[in-house]
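Here's my_file-v3.txt, which has compact mmCIF, C-alpha atoms and all ligand atoms:
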```txt
# COMPACT_ATOMS: atom_id res chain seq x y z
CA MET A 1 147.31 0.43 -14.19
CA ALA A 2 143.99 -1.17 -13.23
CA ILE A 3 145.77 -3.10 -10.47
CA ALA A 4 147.24 0.18 -9.22
CA PHE A 5 143.74 1.68 -9.06
CA LEU A 6 142.41 -1.41 -7.31
CA SER A 7 145.25 -1.18 -4.81
CA ALA A 8 144.43 2.51 -4.21
CA GLU A 9 140.98 1.41 -3.05
CA ARG A 10 142.62 0.01 0.06
CA SER A 11 144.08 3.37 1.09
CA LYS A 12 142.53 4.86 4.23
CA ASP A 13 143.56 8.39 3.25
CA PRO A 14 140.25 10.27 3.18
CA ASN A 15 141.66 12.87 0.85
CA ARG A 16 143.86 11.04 -1.61
CA GLN A 17 144.06 7.35 -2.46
CA VAL A 18 147.18 6.46 -4.46
CA GLY A 19 148.01 3.02 -5.84
CA ALA A 20 151.12 1.59 -7.47
CA CYS A 21 151.98 -1.68 -9.17
CA LEU A 22 155.46 -2.94 -10.00
CA VAL A 23 155.48 -5.07 -13.15
CA SER A 24 158.30 -7.01 -14.81
CA GLN A 25 159.29 -6.32 -18.40
CA GLU A 26 157.31 -9.46 -19.31
CA GLY A 27 154.21 -8.08 -17.56
CA ILE A 28 154.39 -10.17 -14.39
CA ILE A 29 153.00 -8.35 -11.33
CA LEU A 30 155.84 -8.14 -8.79
CA GLY A 31 154.38 -5.93 -6.10
CA ILE A 32 151.52 -3.59 -5.31
CA GLY A 33 151.19 -0.78 -2.83
CA TYR A 34 148.99 2.07 -1.69
CA ASN A 35 149.50 5.05 0.57
CA GLY A 36 149.13 4.23 4.26
CA PHE A 37 150.81 4.31 7.63
CA PRO A 38 153.65 1.85 8.34
CA ARG A 39 152.82 -1.66 9.57
CA GLY A 40 151.70 -1.64 13.19
CA CYS A 41 151.05 2.11 13.19
CA SER A 42 147.33 2.38 13.71
CA ASP A 43 145.16 4.20 11.18
CA ASP A 44 143.08 5.29 14.13
CA LYS A 45 145.89 6.70 16.25
CA LEU A 46 147.67 8.76 13.61
CA PRO A 47 146.17 11.84 11.93
CA TRP A 48 144.86 11.76 8.36
CA ALA A 49 144.52 15.56 8.30
CA LYS A 50 146.14 17.58 5.51
CA LYS A 51 146.29 20.67 7.68
CA SER A 52 146.21 21.03 11.46
CA ALA A 53 144.36 23.75 13.35
CA SER A 54 147.42 24.31 15.55
CA GLY A 55 149.72 24.45 12.52
CA ASP A 56 151.67 21.57 14.07
CA PRO A 57 152.83 19.36 11.16
CA LEU A 58 152.84 16.37 13.52
CA GLU A 59 149.06 16.64 13.56
CA THR A 60 148.92 15.97 9.82
CA LYS A 61 149.40 12.75 7.88
CA PHE A 62 152.53 13.87 6.05
CA PRO A 63 155.26 12.88 8.55
CA TYR A 64 153.78 9.39 8.89
CA VAL A 65 152.28 8.16 5.60
CA VAL A 66 154.23 5.75 3.40
CA HIS A 67 153.74 6.60 -0.26
CA ALA A 68 152.18 4.05 -2.60
CA GLU A 69 155.26 3.84 -4.82
CA VAL A 70 157.48 2.98 -1.85
CA ASN A 71 155.06 0.29 -0.66
CA ALA A 72 154.87 -1.29 -4.11
CA ILE A 73 158.68 -1.46 -4.31
CA LEU A 74 159.09 -2.72 -0.73
CA ASN A 75 156.27 -5.27 -1.16
CA THR A 76 157.76 -6.77 -4.28
CA ASN A 77 157.97 -10.52 -4.15
CA HIS A 78 160.92 -10.48 -6.50
CA ALA A 79 164.69 -10.31 -6.10
CA SER A 80 164.81 -6.69 -7.19
CA ALA A 81 162.92 -3.92 -8.91
CA ALA A 82 165.84 -3.37 -11.28
CA GLY A 83 164.72 -2.98 -14.88
CA GLN A 84 161.04 -3.19 -13.95
CA LYS A 85 158.14 -0.84 -14.65
CA LEU A 86 156.14 1.00 -12.01
CA TYR A 87 152.51 1.86 -12.76
CA VAL A 88 151.20 4.55 -10.42
CA THR A 89 147.89 6.36 -10.26
CA MET A 90 149.57 9.71 -9.58
CA PHE A 91 152.91 11.12 -10.76
CA PRO A 92 155.46 10.44 -8.00
CA CYS A 93 156.87 13.04 -5.66
CA ASN A 94 160.62 13.68 -5.47
CA GLU A 95 161.04 11.42 -2.42
CA CYS A 96 159.44 8.57 -4.35
CA ALA A 97 161.48 9.44 -7.44
CA LYS A 98 164.67 8.93 -5.39
CA ILE A 99 163.56 5.49 -4.23
CA ILE A 100 162.32 4.57 -7.70
CA ILE A 101 165.73 5.46 -9.15
CA GLN A 102 167.74 3.76 -6.41
CA SER A 103 165.72 0.55 -6.72
CA GLY A 104 166.56 0.41 -10.43
CA VAL A 105 163.04 0.83 -11.80
CA SER A 106 163.44 1.53 -15.51
CA GLU A 107 160.07 3.08 -16.37
CA VAL A 108 157.32 4.99 -14.58
CA ILE A 109 153.84 5.04 -16.10
CA TYR A 110 151.49 7.43 -14.30
CA PHE A 111 147.81 8.23 -14.69
CA VAL A 112 147.49 11.80 -13.45
CA GLU A 113 149.90 14.50 -12.37
CA LYS A 114 148.67 16.25 -9.23
CA LYS A 115 147.35 19.70 -9.98
CA ILE A 116 150.18 22.09 -9.36
CA ASP A 117 149.85 23.71 -5.96
CA ASN A 118 152.40 25.00 -3.48
CA SER A 119 154.26 21.71 -3.77
CA ALA A 120 154.99 22.26 -7.48
CA HIS A 121 158.75 22.20 -6.89
CA VAL A 122 158.38 18.63 -5.67
CA TYR A 123 157.25 17.50 -9.10
CA VAL A 124 159.82 19.58 -10.94
CA ALA A 125 162.45 17.81 -8.84
CA SER A 126 160.87 14.44 -9.66
CA HIS A 127 160.97 15.09 -13.40
CA LYS A 128 164.56 16.35 -13.12
CA LEU A 129 165.79 13.33 -11.13
CA LEU A 130 163.96 10.74 -13.23
CA SER A 131 165.22 12.27 -16.46
CA MET A 132 168.82 12.60 -15.22
CA ALA A 133 168.73 8.99 -14.02
CA GLY A 134 167.45 7.85 -17.43
CA VAL A 135 164.17 6.48 -16.07
CA LYS A 136 161.54 6.47 -18.83
CA VAL A 137 158.39 8.38 -17.79
CA ARG A 138 155.09 8.36 -19.64
CA LYS A 139 151.48 9.24 -18.99
CA HIS A 140 149.14 6.25 -19.23
CA GLN A 141 146.77 6.29 -22.22
CA PRO A 142 143.70 4.45 -20.87
CA GLN A 143 141.94 2.05 -23.25
CA MET A 144 138.70 2.44 -21.31
CA ALA A 145 137.17 4.81 -18.81
CA GLN A 146 136.32 2.15 -16.24
CA ILE A 147 136.58 -1.56 -15.51
CA PRO A 148 133.34 -2.77 -13.88
CA ILE A 149 133.98 -5.60 -11.42
CA LYS A 150 130.95 -7.72 -10.50
CA PHE A 151 131.28 -9.63 -7.26
CA GLN A 152 127.98 -11.48 -6.89
CA GLU A 153 126.43 -13.73 -9.53
CA PRO A 154 123.68 -11.80 -11.43
O1 LIG B 201 154.08 10.33 -4.62
C1 LIG B 201 153.13 10.27 -3.85
N1 LIG B 201 152.63 9.08 -3.43
C2 LIG B 201 151.64 8.98 -2.50
O2 LIG B 201 151.24 7.88 -2.13
N2 LIG B 201 151.10 10.15 -1.99
C3 LIG B 201 150.05 10.05 -0.97
C4 LIG B 201 150.57 10.39 0.41
C5 LIG B 201 149.38 11.03 1.10
O3 LIG B 201 148.59 10.01 1.72
C6 LIG B 201 148.60 11.63 -0.04
C7 LIG B 201 148.90 13.11 -0.15
O4 LIG B 201 148.03 13.67 -1.06
P1 LIG B 201 147.26 15.05 -0.72
O5 LIG B 201 148.35 16.00 -0.22
O6 LIG B 201 146.65 15.42 -2.04
O7 LIG B 201 146.27 14.70 0.36
O8 LIG B 201 149.02 10.99 -1.26
C8 LIG B 201 151.52 11.38 -2.39
C9 LIG B 201 152.55 11.48 -3.30
C10 LIG B 201 153.07 12.78 -3.74
O9 LIG B 201 152.10 13.57 -4.20
ZN ZN B 202 155.87 10.14 -3.02
```
Starting from the coordinates I provided, produce the structure as structure tokens.
Ligand SMILES: O=c1[nH]c(=O)n([C@H]2C[C@H](O)[C@@H](COP(=O)(O)O)O2)cc1CO
Ligand SMILES: [Zn+2]
Amino acid sequence: MAIAFLSAERSKDPNRQVGACLVSQEGIILGIGYNGFPRGCSDDKLPWAKKSASGDPLETKFPYVVHAEVNAILNTNHASAAGQKLYVTMFPCNECAKIIIQSGVSEVIYFVEKKIDNSAHVYVASHKLLSMAGVKVRKHQPQMAQIPIKFQEP
């Protein structure tokens, strides 16, 4: 989970940084990902807005951003995600749940579930799909509140 949080640090989303880490049953890190625009699609040329003044959805980030869970699965340096565990800083949306299921991930461990807003149905659908597909889902029980990382020698 700490790797997922570290990965989230790389997200350029000013509003929400999400990180994910795919881990084998034996605990080997297979792939990490965070929410961002696809390769080659400039962070400076696409909108990071949640809402657009004109109401045009194309002026928001949503049509363009790749979710952290998808990046972690696509970035995996392993033959497949089948049977592996996905640690993610935020409970996955239904689109991610579909990809998690289809890639064969066996367990999702999440840190927080987004506060329910007008997208609540998205998370109901996620829970429904993950449960029907037999993917284990659990909320992470942190051992500590933070992991200080010192870069320079004292
Ligand atoms: O499953 C997810 N994975 C994921 O990476 N995200 C990212 C995509 C957007 O950059 C951002 C959206 O969050 P918000 O709408 O709170 O700004 O979070 C969002 C979801 C669904 O909540
Ligand atoms: Zn998602």
>> Considering all atoms listed in the file, can you say which of A:His67, A:Lys128, A:Lys85, A:Lys139 comes closest to ligand ZN 202 (chain B)?
In response: A:His67
>> If the limit is 10 Å from any atom of ligand ZN 202 (chain B), counting only C-alpha atoms and all ligand atoms, which residues qualify? Return them as a PyMOL selection string.
In response: chain A and resi 18+35+65-70+90-100+122-123+126
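Nearest to Val108 (chain A) of all the residues A:Ile32, A:Val137, A:Ala125, A:Ile3 is A:Val137, based on only C-alpha atoms.
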>> Could you list, as a PyMOL selection string, every residue within 12 Å of Ala4 (chain A), counting only C-alpha atoms and ignoring same-chain residues fewer than 2 positions away?
In response: chain A and resi 1-2+6-11+17-23+29-35+68-69+71-72+86-90+109-111+140
> What separation in Å, quoted to one decimal, exists between atom O1 of ligand LIG 201 (chain B) and CA of Lys136 (chain A)?
Replying inline: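 According to the coordinates, atom O1 of ligand LIG 201 (chain B) and CA of Lys136 (chain A) are separated by 16.5 Å.
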> What is the CA of Lys114 (chain A) to CA of Asn15 (chain A) distance in Å?
Replying inline: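 These atoms are spaced 12.7 Å apart.
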> For Phe5 (chain A), which of A:Ile73, A:Val112, A:Arg39, A:Tyr64 is the closest residue, counting only C-alpha atoms?
Replying inline: A:Val112
